[in-house]
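Chemist: What follows is coords-v1.cif; its format and atoms are mmCIF, C-alpha atoms.
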```cif
data_input
loop_
_atom_site.label_atom_id
_atom_site.label_comp_id
_atom_site.auth_asym_id
_atom_site.auth_seq_id
_atom_site.Cartn_x
_atom_site.Cartn_y
_atom_site.Cartn_z
CA MET A 1 -36.79 -72.58 -331.89
CA LYS A 2 -33.55 -72.46 -329.93
CA VAL A 3 -33.35 -69.99 -327.11
CA ASP A 4 -29.73 -69.08 -327.99
CA ASN A 5 -29.51 -65.55 -329.37
CA PHE A 6 -33.13 -65.19 -328.28
CA ARG A 7 -32.90 -61.45 -327.79
CA ASN A 8 -31.53 -60.92 -331.29
CA ARG A 9 -34.11 -63.05 -333.11
CA ALA A 10 -37.30 -62.73 -331.07
CA ARG A 11 -37.41 -59.24 -329.58
CA GLY A 12 -40.58 -57.39 -330.53
CA ARG A 13 -42.05 -60.42 -332.33
CA ARG A 14 -44.34 -63.29 -331.44
CA TYR A 15 -42.34 -66.43 -330.80
CA PHE A 16 -43.06 -70.07 -329.90
CA LEU A 17 -42.19 -72.66 -327.31
CA LYS A 18 -42.53 -76.31 -328.27
CA SER A 19 -43.03 -79.19 -325.91
CA ALA A 20 -44.95 -82.46 -325.65
CA GLY A 21 -45.97 -82.28 -329.30
CA ALA A 22 -47.63 -78.88 -328.89
CA THR A 23 -46.75 -75.32 -329.77
CA LEU A 24 -47.43 -72.35 -327.54
CA ALA A 25 -47.42 -68.90 -329.15
CA LEU A 26 -46.27 -66.18 -326.79
CA PRO A 27 -46.77 -62.45 -327.23
CA ALA A 28 -43.86 -60.05 -327.48
CA LEU A 29 -42.41 -59.54 -324.02
CA HIS A 30 -42.71 -55.78 -324.03
CA SER A 31 -46.49 -56.09 -324.26
CA MET A 32 -47.02 -58.64 -321.48
CA LEU A 33 -49.55 -57.81 -318.77
CA PRO A 34 -50.19 -59.86 -315.62
CA SER A 35 -53.52 -61.52 -314.97
CA MET A 36 -53.76 -62.01 -311.23
CA LEU A 37 -56.68 -64.00 -309.94
CA GLY A 38 -57.82 -63.94 -306.35
CA SER A 39 -56.85 -66.66 -303.93
CA GLY A 40 -60.40 -67.68 -303.16
CA LEU A 41 -59.75 -67.55 -299.42
CA ALA A 42 -62.59 -65.11 -298.79
CA ILE A 43 -65.13 -67.79 -299.54
CA GLY A 44 -63.71 -70.34 -297.10
CA ALA A 45 -66.28 -70.23 -294.31
CA GLU A 46 -69.17 -70.02 -296.76
CA ALA A 47 -67.96 -73.00 -298.79
CA THR A 48 -68.05 -75.19 -295.70
CA GLY A 49 -71.72 -74.35 -295.12
CA LYS A 50 -71.16 -72.38 -291.90
CA SER A 51 -73.06 -69.42 -293.28
CA ALA A 52 -75.04 -68.52 -296.39
CA PRO A 53 -72.82 -67.30 -299.23
CA ARG A 54 -72.85 -63.73 -300.46
CA ARG A 55 -74.11 -63.18 -304.01
CA LEU A 56 -74.03 -60.40 -306.58
CA VAL A 57 -76.36 -59.69 -309.50
CA GLY A 58 -76.05 -56.84 -312.01
CA ILE A 59 -78.79 -55.76 -314.41
CA GLY A 60 -77.99 -53.23 -317.11
CA ASN A 61 -79.98 -51.46 -319.79
CA LEU A 62 -78.28 -50.30 -322.98
CA LEU A 63 -80.47 -47.25 -323.62
CA GLY A 64 -81.26 -45.79 -320.20
CA TYR A 65 -84.59 -44.77 -318.64
CA GLN A 66 -86.83 -41.72 -318.56
CA THR A 67 -85.39 -40.38 -315.32
CA SER A 68 -88.11 -37.73 -314.88
CA TYR A 69 -90.44 -40.71 -314.31
CA LEU A 70 -87.90 -42.54 -312.12
CA PHE A 71 -86.28 -40.06 -309.75
CA PRO A 72 -88.56 -38.80 -306.93
CA GLU A 73 -88.84 -35.08 -306.22
CA THR A 74 -87.64 -35.25 -302.61
CA ALA A 75 -84.89 -37.33 -301.02
CA GLY A 76 -85.25 -39.50 -297.95
CA LYS A 77 -87.48 -42.36 -296.84
CA ASN A 78 -90.82 -40.62 -297.42
CA TYR A 79 -90.40 -40.02 -301.14
CA LEU A 80 -93.43 -40.20 -303.41
CA ALA A 81 -92.80 -42.97 -305.95
CA PRO A 82 -92.93 -41.79 -309.60
CA ARG A 83 -94.41 -43.99 -312.30
CA LEU A 84 -91.41 -46.29 -312.83
CA LEU A 85 -90.93 -46.90 -309.10
CA LYS A 86 -94.52 -47.85 -308.33
CA HIS A 87 -93.76 -51.47 -309.23
CA PHE A 88 -91.47 -51.69 -306.19
CA GLU A 89 -93.92 -50.70 -303.44
CA PRO A 90 -94.12 -54.30 -302.06
CA VAL A 91 -90.30 -54.33 -301.61
CA ARG A 92 -89.73 -50.62 -301.08
CA ASP A 93 -87.92 -51.29 -297.79
CA GLN A 94 -85.43 -53.48 -299.71
CA LEU A 95 -84.63 -50.88 -302.37
CA THR A 96 -82.47 -47.75 -302.56
CA VAL A 97 -82.79 -45.25 -305.41
CA TYR A 98 -79.66 -43.25 -306.27
CA ARG A 99 -79.25 -40.06 -308.25
CA GLY A 100 -76.12 -38.09 -309.07
CA LEU A 101 -73.87 -41.11 -309.68
CA ASP A 102 -71.84 -41.76 -312.83
CA HIS A 103 -68.34 -42.54 -314.10
CA GLY A 104 -67.55 -39.10 -315.51
CA VAL A 105 -67.05 -40.59 -318.98
CA LYS A 106 -68.25 -39.51 -322.40
CA GLY A 107 -68.98 -41.51 -325.52
CA GLY A 108 -72.71 -42.13 -325.73
CA HIS A 109 -73.51 -45.70 -326.72
CA PHE A 110 -69.85 -46.76 -326.49
CA ALA A 111 -69.45 -45.36 -322.97
CA VAL A 112 -72.43 -47.46 -321.86
CA HIS A 113 -70.10 -50.46 -322.02
CA SER A 114 -68.19 -49.05 -319.00
CA PHE A 115 -71.29 -49.34 -316.79
CA PHE A 116 -69.93 -52.15 -314.61
CA SER A 117 -66.24 -51.22 -314.90
CA GLY A 118 -66.11 -47.44 -314.65
CA VAL A 119 -63.34 -47.49 -317.26
CA LEU A 120 -63.58 -47.02 -321.02
CA GLN A 121 -61.93 -49.84 -322.93
CA MET A 122 -59.59 -47.37 -324.62
CA ASP A 123 -58.35 -46.20 -321.20
CA ALA A 124 -57.93 -49.67 -319.68
CA LYS A 125 -54.16 -49.93 -320.09
CA GLY A 126 -53.62 -47.05 -317.71
CA MET A 127 -55.61 -48.59 -314.87
CA PRO A 128 -54.28 -51.04 -312.24
CA ASP A 129 -57.02 -53.59 -313.00
CA GLY A 130 -57.65 -52.63 -316.61
CA ASN A 131 -61.36 -52.34 -317.30
CA ILE A 132 -62.34 -55.49 -315.43
CA SER A 133 -66.03 -55.35 -314.55
CA LEU A 134 -67.56 -55.65 -311.12
CA ASP A 135 -68.85 -59.18 -311.68
CA GLN A 136 -65.59 -60.55 -313.06
CA LEU A 137 -63.55 -59.11 -310.21
CA ALA A 138 -65.93 -60.63 -307.68
CA ALA A 139 -65.68 -63.97 -309.49
CA GLU A 140 -61.91 -64.00 -309.12
CA SER A 141 -62.33 -64.14 -305.36
CA ILE A 142 -64.40 -67.31 -305.16
CA GLY A 143 -62.38 -69.65 -307.37
CA GLY A 144 -64.17 -72.94 -308.03
CA ALA A 145 -66.72 -72.66 -305.23
CA THR A 146 -69.53 -72.91 -307.79
CA ARG A 147 -69.89 -74.70 -311.14
CA PHE A 148 -70.06 -71.33 -312.94
CA PRO A 149 -67.94 -68.50 -311.49
CA THR A 150 -70.27 -66.08 -313.30
CA LEU A 151 -73.24 -66.18 -315.67
CA THR A 152 -73.28 -63.40 -318.25
CA VAL A 153 -76.64 -63.14 -320.01
CA GLY A 154 -77.50 -60.78 -322.85
CA SER A 155 -77.83 -60.56 -326.60
CA GLU A 156 -75.51 -60.48 -329.59
CA GLY A 157 -77.92 -58.43 -331.70
CA GLY A 158 -78.85 -54.76 -331.85
CA ILE A 159 -76.71 -51.66 -331.92
CA HIS A 160 -72.95 -51.65 -331.42
CA GLY A 161 -72.40 -55.39 -331.26
CA GLY A 162 -74.70 -56.55 -328.50
CA CYS A 163 -73.89 -57.20 -324.86
CA MET A 164 -70.62 -55.60 -323.69
CA MET A 165 -71.17 -55.16 -319.97
CA SER A 166 -68.77 -57.77 -318.56
CA TRP A 167 -65.02 -57.45 -319.14
CA THR A 168 -62.01 -59.52 -318.09
CA ARG A 169 -58.86 -58.06 -316.59
CA SER A 170 -57.17 -58.24 -319.99
CA GLY A 171 -59.91 -56.10 -321.57
CA THR A 172 -61.73 -58.92 -323.33
CA ARG A 173 -65.52 -58.85 -323.56
CA VAL A 174 -67.21 -61.81 -321.89
CA PRO A 175 -69.55 -63.29 -324.54
CA PRO A 176 -73.12 -63.50 -323.26
CA ILE A 177 -75.45 -66.45 -322.93
CA THR A 178 -77.96 -65.32 -325.51
CA GLY A 179 -81.31 -66.77 -324.46
CA PRO A 180 -83.22 -68.98 -322.02
CA GLN A 181 -82.64 -72.13 -324.08
CA GLU A 182 -78.87 -71.79 -323.90
CA LEU A 183 -79.01 -70.77 -320.23
CA PHE A 184 -81.30 -73.70 -319.41
CA LYS A 185 -78.95 -76.13 -321.16
CA LYS A 186 -75.97 -74.73 -319.31
CA LEU A 187 -77.68 -75.06 -315.95
CA PHE A 188 -79.58 -78.33 -316.25
CA ILE A 189 -78.84 -80.48 -319.30
CA LYS A 190 -76.66 -83.43 -318.36
CA GLU A 191 -73.94 -84.49 -320.76
CA SER A 192 -73.76 -88.07 -322.04
CA ALA A 193 -71.03 -90.42 -320.81
CA ASN A 194 -69.09 -89.88 -324.06
CA ASP A 195 -69.39 -86.12 -323.66
CA LEU A 196 -68.10 -86.37 -320.10
CA ASN A 197 -65.12 -88.45 -321.21
CA ARG A 198 -64.29 -85.91 -323.91
CA VAL A 199 -64.47 -83.12 -321.35
CA LYS A 200 -62.18 -85.03 -318.98
CA ASP A 201 -59.69 -85.75 -321.79
CA ARG A 202 -59.69 -82.09 -322.76
CA TYR A 203 -58.90 -81.00 -319.22
CA ALA A 204 -56.15 -83.62 -318.87
CA LEU A 205 -54.60 -82.67 -322.22
CA GLN A 206 -54.65 -78.95 -321.53
CA GLY A 207 -53.31 -79.42 -318.04
CA SER A 208 -50.33 -81.51 -319.22
CA ILE A 209 -49.53 -79.06 -322.01
CA LEU A 210 -49.52 -76.15 -319.61
CA ASP A 211 -47.25 -78.03 -317.21
CA ALA A 212 -44.81 -78.80 -320.02
CA MET A 213 -44.86 -75.27 -321.38
CA SER A 214 -44.20 -73.83 -317.95
CA GLY A 215 -41.10 -76.02 -317.69
CA ASP A 216 -39.81 -74.91 -321.09
CA ALA A 217 -40.48 -71.29 -320.23
CA ARG A 218 -38.54 -71.59 -317.00
CA SER A 219 -35.64 -73.07 -318.96
CA LEU A 220 -35.86 -70.11 -321.32
CA SER A 221 -35.84 -67.65 -318.43
CA ARG A 222 -32.34 -68.77 -317.43
CA ARG A 223 -31.02 -67.57 -320.81
CA ILE A 224 -32.42 -64.05 -320.89
CA ASP A 225 -31.61 -60.93 -318.90
CA LYS A 226 -33.49 -59.66 -315.86
CA GLU A 227 -35.73 -57.22 -317.73
CA ASP A 228 -37.14 -59.88 -320.04
CA ARG A 229 -37.15 -62.44 -317.23
CA ASP A 230 -39.47 -60.22 -315.22
CA LYS A 231 -41.76 -59.87 -318.21
CA LEU A 232 -41.69 -63.60 -318.84
CA ASP A 233 -42.57 -64.21 -315.19
CA GLU A 234 -45.66 -62.11 -315.72
CA TYR A 235 -46.64 -64.38 -318.59
CA LEU A 236 -46.02 -67.49 -316.49
CA THR A 237 -48.37 -66.08 -313.90
CA SER A 238 -51.06 -65.91 -316.56
CA VAL A 239 -50.32 -69.48 -317.64
CA ARG A 240 -50.59 -70.69 -314.06
CA ASP A 241 -53.89 -68.83 -313.69
CA VAL A 242 -55.26 -70.58 -316.78
CA GLU A 243 -54.15 -73.93 -315.39
CA LYS A 244 -55.85 -73.08 -312.10
CA GLN A 245 -59.11 -72.33 -313.90
CA LEU A 246 -58.89 -75.62 -315.79
CA GLN A 247 -58.46 -77.47 -312.51
CA LEU A 248 -61.34 -75.58 -310.93
CA SER A 249 -63.58 -76.46 -313.88
CA GLU A 250 -62.48 -80.09 -313.87
CA GLN A 251 -63.70 -80.67 -310.33
CA TRP A 252 -67.28 -80.10 -311.55
CA VAL A 253 -67.20 -82.65 -314.40
CA ASP A 254 -68.49 -85.52 -312.24
CA VAL A 255 -70.83 -83.43 -310.08
CA PRO A 256 -74.44 -83.95 -311.21
CA LYS A 257 -76.31 -80.86 -312.30
CA PRO A 258 -79.53 -79.99 -310.44
CA GLU A 259 -82.81 -81.37 -311.70
CA ALA A 260 -84.63 -79.06 -314.11
CA PRO A 261 -87.84 -77.65 -312.58
CA PHE A 262 -89.55 -77.36 -315.98
CA ASP A 263 -89.13 -78.40 -319.61
CA LYS A 264 -86.50 -76.86 -321.83
CA PRO A 265 -87.80 -73.48 -323.08
CA GLN A 266 -87.76 -72.12 -326.63
CA ASP A 267 -85.96 -68.86 -327.38
CA ARG A 268 -88.27 -66.12 -328.63
CA ASN A 269 -87.09 -62.53 -328.11
CA MET A 270 -85.80 -60.42 -325.24
CA VAL A 271 -89.26 -59.01 -324.45
CA GLU A 272 -90.99 -62.37 -324.11
CA ASP A 273 -87.88 -64.05 -322.70
CA LEU A 274 -87.15 -61.48 -319.98
CA PRO A 275 -89.25 -63.02 -317.17
CA LEU A 276 -87.88 -66.49 -317.96
CA LEU A 277 -84.30 -65.22 -317.95
CA TYR A 278 -84.91 -63.74 -314.50
CA ASP A 279 -86.38 -67.05 -313.33
CA LEU A 280 -83.39 -69.00 -314.63
CA ILE A 281 -80.93 -66.61 -312.96
CA LEU A 282 -82.92 -67.03 -309.76
CA LEU A 283 -82.66 -70.82 -310.06
CA ALA A 284 -78.92 -70.57 -310.70
CA LEU A 285 -78.51 -68.62 -307.46
CA GLN A 286 -80.88 -70.84 -305.54
CA THR A 287 -79.07 -74.04 -306.58
CA ASP A 288 -75.69 -72.39 -305.95
CA SER A 289 -74.73 -73.08 -309.57
CA THR A 290 -73.33 -69.56 -309.47
CA ARG A 291 -73.19 -66.67 -307.02
CA ILE A 292 -72.62 -63.95 -309.59
CA ALA A 293 -74.80 -63.13 -312.60
CA THR A 294 -75.34 -60.25 -315.00
CA LEU A 295 -78.11 -59.50 -317.47
CA GLU A 296 -78.01 -56.74 -320.08
CA ILE A 297 -81.26 -55.56 -321.66
CA GLY A 298 -81.04 -54.10 -325.14
CA GLY A 299 -80.05 -55.40 -328.51
CA ASP A 300 -83.02 -57.58 -329.41
CA PHE A 301 -85.53 -55.99 -327.01
CA LEU A 302 -88.22 -55.60 -329.68
CA PRO A 303 -91.02 -53.10 -328.95
CA SER A 304 -93.33 -54.72 -331.51
CA HIS A 305 -94.02 -57.49 -329.00
CA LEU A 306 -95.54 -54.83 -326.75
CA GLY A 307 -97.64 -53.35 -329.54
CA ILE A 308 -95.13 -50.61 -330.45
CA GLN A 309 -94.06 -50.31 -334.07
CA SER A 310 -91.03 -48.03 -333.70
CA GLY A 311 -87.59 -49.45 -332.86
CA TYR A 312 -86.24 -49.20 -329.31
CA HIS A 313 -83.11 -47.33 -330.37
CA SER A 314 -85.00 -44.84 -332.49
CA LEU A 315 -87.50 -44.26 -329.67
CA SER A 316 -84.66 -43.51 -327.25
CA HIS A 317 -83.89 -40.48 -329.43
CA HIS A 318 -87.38 -39.22 -328.70
CA GLY A 319 -86.77 -35.55 -329.55
CA LYS A 320 -89.01 -34.67 -326.58
CA LYS A 321 -92.05 -35.87 -328.51
CA GLN A 322 -94.58 -37.11 -325.99
CA GLU A 323 -95.76 -39.95 -328.23
CA ASN A 324 -92.22 -41.36 -328.32
CA ILE A 325 -91.79 -40.86 -324.57
CA ASP A 326 -95.11 -42.61 -323.89
CA ASN A 327 -93.96 -45.60 -325.94
CA LEU A 328 -90.63 -45.66 -324.12
CA LEU A 329 -92.47 -45.65 -320.82
CA ILE A 330 -94.40 -48.75 -321.89
CA LEU A 331 -91.08 -50.51 -322.51
CA GLU A 332 -89.56 -49.26 -319.28
CA ASP A 333 -92.65 -50.13 -317.23
CA TYR A 334 -92.33 -53.67 -318.57
CA GLN A 335 -88.66 -53.88 -317.60
CA MET A 336 -89.30 -52.43 -314.14
CA LYS A 337 -92.26 -54.73 -313.57
CA HIS A 338 -90.18 -57.85 -314.17
CA PHE A 339 -87.20 -56.60 -312.20
CA ALA A 340 -89.54 -55.88 -309.27
CA ARG A 341 -90.98 -59.39 -309.67
CA PHE A 342 -87.43 -60.80 -309.55
CA ILE A 343 -86.72 -58.91 -306.32
CA GLN A 344 -90.01 -60.01 -304.76
CA LYS A 345 -89.36 -63.67 -305.60
CA MET A 346 -85.86 -63.46 -304.11
CA SER A 347 -87.26 -61.93 -300.93
CA ALA A 348 -89.66 -64.88 -300.56
CA ILE A 349 -86.97 -67.59 -300.83
CA GLN A 350 -85.48 -68.69 -297.52
CA ASP A 351 -81.68 -68.80 -297.52
CA GLY A 352 -80.34 -69.85 -294.16
CA ASP A 353 -81.74 -67.61 -291.46
CA LYS A 354 -82.65 -64.86 -293.94
CA SER A 355 -83.95 -64.52 -297.49
CA LEU A 356 -82.03 -65.03 -300.72
CA LEU A 357 -82.41 -61.31 -301.34
CA ASP A 358 -80.81 -60.50 -297.98
CA HIS A 359 -77.70 -62.37 -299.12
CA THR A 360 -77.68 -60.96 -302.67
CA SER A 361 -76.70 -57.43 -303.67
CA VAL A 362 -78.63 -56.56 -306.84
CA ILE A 363 -77.52 -53.48 -308.78
CA PHE A 364 -79.83 -52.24 -311.55
CA GLY A 365 -79.45 -49.34 -313.96
CA SER A 366 -77.77 -48.10 -317.10
CA GLY A 367 -74.59 -46.48 -318.34
CA MET A 368 -76.83 -44.12 -320.33
CA GLY A 369 -78.20 -41.15 -318.40
CA ASN A 370 -80.17 -39.60 -321.26
CA GLY A 371 -80.52 -41.60 -324.47
CA ASN A 372 -82.03 -38.67 -326.33
CA VAL A 373 -78.78 -36.68 -326.18
CA HIS A 374 -76.31 -39.57 -325.62
CA SER A 375 -75.41 -38.36 -322.13
CA ASN A 376 -73.58 -40.72 -319.78
CA TYR A 377 -74.07 -38.49 -316.72
CA ASP A 378 -76.54 -38.73 -313.83
CA LEU A 379 -77.18 -42.44 -314.28
CA PRO A 380 -80.36 -44.23 -313.12
CA ILE A 381 -79.26 -46.56 -310.32
CA LEU A 382 -81.26 -48.89 -308.07
CA LEU A 383 -79.79 -51.17 -305.40
CA ALA A 384 -81.72 -53.97 -303.73
CA GLY A 385 -81.00 -56.57 -301.07
CA GLY A 386 -77.57 -57.57 -299.86
CA GLY A 387 -78.34 -56.81 -296.22
CA HIS A 388 -77.77 -53.09 -296.86
CA GLN A 389 -79.87 -50.34 -295.31
CA HIS A 390 -82.64 -49.53 -297.79
CA GLY A 391 -85.92 -47.71 -298.19
CA GLU A 392 -84.52 -44.32 -299.28
CA TYR A 393 -84.04 -42.09 -302.28
CA LYS A 394 -80.50 -40.67 -302.10
CA ASN A 395 -79.69 -37.67 -304.28
CA PHE A 396 -75.98 -36.84 -304.58
CA THR A 397 -76.49 -34.07 -307.14
CA LYS A 398 -74.57 -30.91 -306.22
CA GLU A 399 -75.22 -27.38 -307.41
CA ASN A 400 -71.57 -26.87 -308.39
CA GLY A 401 -71.80 -29.78 -310.85
CA GLU A 402 -69.50 -32.05 -308.82
CA ARG A 403 -70.57 -35.67 -309.08
CA MET A 404 -70.31 -38.70 -306.86
CA LYS A 405 -68.44 -41.60 -308.43
CA LEU A 406 -70.56 -44.68 -309.13
CA CYS A 407 -67.43 -46.77 -308.55
CA ASN A 408 -67.59 -45.76 -304.87
CA LEU A 409 -70.80 -47.77 -304.66
CA TYR A 410 -69.06 -50.65 -306.44
CA VAL A 411 -66.24 -50.63 -303.87
CA SER A 412 -68.86 -50.96 -301.13
CA LEU A 413 -70.52 -53.86 -302.96
CA LEU A 414 -67.18 -55.65 -303.41
CA GLN A 415 -66.45 -55.24 -299.72
CA SER A 416 -69.83 -56.64 -298.74
CA PHE A 417 -69.16 -59.56 -301.10
CA GLY A 418 -66.05 -60.34 -299.05
CA LEU A 419 -63.20 -58.66 -300.94
CA GLU A 420 -60.66 -56.64 -299.00
CA ARG A 421 -60.47 -53.73 -301.42
CA ASP A 422 -60.66 -49.97 -301.07
CA THR A 423 -60.50 -49.06 -304.77
CA PHE A 424 -62.21 -50.02 -308.02
CA GLY A 425 -62.20 -48.26 -311.38
CA ASN A 426 -62.01 -44.51 -310.75
CA SER A 427 -63.29 -44.65 -307.15
CA ASP A 428 -62.13 -42.28 -304.44
CA GLY A 429 -63.95 -43.82 -301.48
CA THR A 430 -66.97 -45.87 -300.52
CA LEU A 431 -70.70 -45.11 -300.51
CA ILE A 432 -72.45 -47.54 -298.14
#
```
Could you express the structure from this file as structure tokens?
Modeler:
Amino acid sequence: MKVDNFRNRARGRRYFLKSAGATLALPALHSMLPSMLGSGLAIGAEATGKSAPRRLVGIGNLLGYQTSYLFPETAGKNYLAPRLLKHFEPVRDQLTVYRGLDHGVKGGHFAVHSFFSGVLQMDAKGMPDGNISLDQLAAESIGGATRFPTLTVGSEGGIHGGCMMSWTRSGTRVPPITGPQELFKKLFIKESANDLNRVKDRYALQGSILDAMSGDARSLSRRIDKEDRDKLDEYLTSVRDVEKQLQLSEQWVDVPKPEAPFDKPQDRNMVEDLPLLYDLILLALQTDSTRIATLEIGGDFLPSHLGIQSGYHSLSHHGKKQENIDNLLILEDYQMKHFARFIQKMSAIQDGDKSLLDHTSVIFGSGMGNGNVHSNYDLPILLAGGGHQHGEYKNFTKENGERMKLCNLYVSLLQSFGLERDTFGNSDGTLI
């Protein structure tokens, strides 16, 4: 379409730019939002091999834990480990247990999805970074330093649409890798020569289209007033960011993937697959295929594979019936056991002059504080590794009901990852 009389014919509507045989649909200018990616400079020294890179792993549970069996009675280093913490005795000095942290949000199962962002999706437009999650923000800072900026693992089944723990700056859910077979293929299966050529052609095509569209958009910007020009510049920033990501991905097309340490697995269910998913995430970190990974437990975590006939969701609404709580504890023991195993294996892997765990901050918990009553307060939070001071139970609960913001901990984790930030989500400070 001609750009003459643009304001009269295109204001408030979607419109198109055409170039190089392609059409680019643009959103209405009044609704444009910038998408600013990090420069990647923070990773510079690490990318040259001068020091071991920093890593970040987030594990979330959709339905929470029985906190009376998780939180110790007394704070400090000499706490007596309750049932769910007994699995961590071998790595107790690499673990911190937190109580009294949350995001101050309500919404039950829907508010759980703010676990790694601190911001409800409906409130994202009012926040400087939208509802971008911890992992995605960290990934922006490392550019193309690894083949996969992040690995998001979870399920698409179960209540409320499956895994919704990772969010982009624009408020889009990051679709999860749904099982060990898909994750294995992503990490280790080598494409054929024809597949590689198709990938290269796709990158080249998309790159040339973006270049052409940027030129047409700049031509358009000379014909509109300053208000719309500013909004169009925001869109161009997003286009440039997309082009940057295409270029970052392209550099990995010819780089061989690491050799698979075992045969391709078969997907079963989240219960049986959980230890294998942890092992694959560990391999991804160990081979530097990624430095950031998340795993959400829920959805298709089927209790029947642990000899329990009731559904996980229905059990979480236990109504204080001890039989239901006992069954939940079997499920939660299983989850804790394999998380503890993951931490132990990381602590045994040498990574430079320290262990892989020393260089990896691992946050574990849930956006659900009490599944029985749909409470999103007083969340169960564990932190392991990352070179932080550990070995304590820290209780931030206050008698006046004032709560410590979980996002304060996230700011600290982002800083230790290498980002120069003093805010995230609804934070008002740091925690470690």
Chemist: Between A:Glu73, A:Glu399, A:Gly371, A:Ser192, which one has atoms that come closest to His109 (chain A), using all atoms listed in the file?
Modeler: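 Checking each candidate against His109 (chain A), we get A:Gly371 as the closest.
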Chemist: Just to confirm, what's the straight-line distance from CA of Leu101 (chain A) to CA of Leu406 (chain A) in Å (one decimal)?
Modeler: 4.9 Å
Chemist: For a test of reading the model, state the distance in Å between CA of Thr146 (chain A) and CA of Arg291 (chain A), rounded to one decimal.
Modeler: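 About the pair CA of Thr146 (chain A) and CA of Arg291 (chain A): they are 7.3 Å apart.
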Chemist: Can you list what the PyMOL selection byres ((chain A and resi 394) around 7) grabs from this structure, as a PDB file with C-alpha atoms, keeping the file's coordinate frame?
Modeler:
```pdb
ATOM      1  CA  ALA A  75     -84.890 -37.330-301.020  1.00  0.00           C
ATOM      2  CA  GLY A  76     -85.250 -39.500-297.950  1.00  0.00           C
ATOM      3  CA  VAL A  97     -82.790 -45.250-305.410  1.00  0.00           C
ATOM      4  CA  TYR A  98     -79.660 -43.250-306.270  1.00  0.00           C
ATOM      5  CA  ARG A  99     -79.250 -40.060-308.250  1.00  0.00           C
ATOM      6  CA  GLU A 392     -84.520 -44.320-299.280  1.00  0.00           C
ATOM      7  CA  TYR A 393     -84.040 -42.090-302.280  1.00  0.00           C
ATOM      8  CA  ASN A 395     -79.690 -37.670-304.280  1.00  0.00           C
ATOM      9  CA  PHE A 396     -75.980 -36.840-304.580  1.00  0.00           C
TER      10      PHE A 396
END
```
Chemist: Between A:Ala284, A:Pro261, A:Gly126, A:Val91, which is the closest to Leu187 (chain A) once you count all atoms listed in the file?
Modeler: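 Ranked by minimum distance to Leu187 (chain A), first place goes to A:Ala284.
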Chemist: What does the PyMOL selection byres ((chain A and resi 271) around 8) select in this file, as a list in words?
Modeler: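 On the file shown, the PyMOL selection byres ((chain A and resi 271) around 8) covers Asn269, Met270, Glu272, Asp273, Leu274, Phe301, Leu302, Pro303, His305 and Leu306 of chain A.
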Chemist: Since we have the selection now, will you write its residues out, keeping C-alpha atoms, as a JSON list (two decimals), keeping the file's coordinate frame?
Modeler:
```json
[["chain", "number", "residue", "atom", "x", "y", "z"],
["A", 269, "ASN", "CA", -87.09, -62.53, -328.11],
["A", 270, "MET", "CA", -85.80, -60.42, -325.24],
["A", 272, "GLU", "CA", -90.99, -62.37, -324.11],
["A", 273, "ASP", "CA", -87.88, -64.05, -322.70],
["A", 274, "LEU", "CA", -87.15, -61.48, -319.98],
["A", 301, "PHE", "CA", -85.53, -55.99, -327.01],
["A", 302, "LEU", "CA", -88.22, -55.60, -329.68],
["A", 303, "PRO", "CA", -91.02, -53.10, -328.95],
["A", 305, "HIS", "CA", -94.02, -57.49, -329.00],
["A", 306, "LEU", "CA", -95.54, -54.83, -326.75]]
```
Chemist: I need the residue nearest Ile59 (chain A) from this list: A:Leu134, A:Leu331, A:Ala145, A:Val105. Use all atoms listed in the file for the distance.
Modeler: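 Selected residue with least distance to Ile59 (chain A): A:Leu134.
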Chemist: Starting from the PyMOL selection byres ((chain A and resi 148) around 12), expand the selection into actual residues of this file and give them as a count of residues only.
Modeler: 34
Chemist: Just how far from CA of Leu95 (chain A) is CA of Gly387 (chain A), in Å to one decimal?
Modeler: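 About the pair CA of Gly387 (chain A) and CA of Leu95 (chain A): they are 10.6 Å apart.
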Chemist: Kindly provide, as JSON, the centre and edge lengths (Å, one decimal) of an axis-aligned box around all atoms of region 359-373 of chain A given in the file, with 4 Å on each side.
Modeler:
```
{"center_x": -78.3, "center_y": -49.5, "center_z": -312.7, "size_x": 15.4, "size_y": 33.7, "size_z": 35.2}
```
Chemist: When distances are computed from all atoms listed in the file, which of A:Ser366, A:Thr294, A:Asn61, A:Ser304 shows the smallest separation from Ser133 (chain A)?
Modeler: A:Thr294
Chemist: With all atoms listed in the file as the counted atoms, please give the residues lying no more than 10 Å from Thr168 (chain A), apart from itself and same-chain residues fewer than 6 positions off, as a PyMOL selection string.
Modeler: chain A and resi 35+117+129-137+174
Chemist: So which one's closest to Glu332 (chain A), A:Ile297, A:Met164, A:Gln350, A:Ala138? Using all atoms listed in the file, please.
Modeler: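 Counting all atoms listed in the file, the residue closest to Glu332 (chain A) is A:Ile297.
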Chemist: I need the residue nearest Ala384 (chain A) from this list: A:Thr423, A:Asn194, A:Leu220, A:Phe342. Use all atoms listed in the file for the distance.
Modeler: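 Among the listed residues, the smallest separation from Ala384 (chain A) belongs to A:Phe342.
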Chemist: Could you list, as a CSV table (one decimal) with C-alpha atoms, in the frame of the given file, every residue within 10 Å of Asn327 (chain A), counting all atoms listed in the file and ignoring same-chain residues fewer than 5 positions away?
Modeler:
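Output contents, as saved in out-v6.csv:
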```
chain,number,residue,atom,x,y,z
A,303,PRO,CA,-91.0,-53.1,-329.0
A,306,LEU,CA,-95.5,-54.8,-326.8
A,307,GLY,CA,-97.6,-53.4,-329.5
A,308,ILE,CA,-95.1,-50.6,-330.4
A,309,GLN,CA,-94.1,-50.3,-334.1
A,310,SER,CA,-91.0,-48.0,-333.7
A,312,TYR,CA,-86.2,-49.2,-329.3
A,315,LEU,CA,-87.5,-44.3,-329.7
A,316,SER,CA,-84.7,-43.5,-327.2
A,318,HIS,CA,-87.4,-39.2,-328.7
A,322,GLN,CA,-94.6,-37.1,-326.0
A,332,GLU,CA,-89.6,-49.3,-319.3
A,333,ASP,CA,-92.6,-50.1,-317.2
```
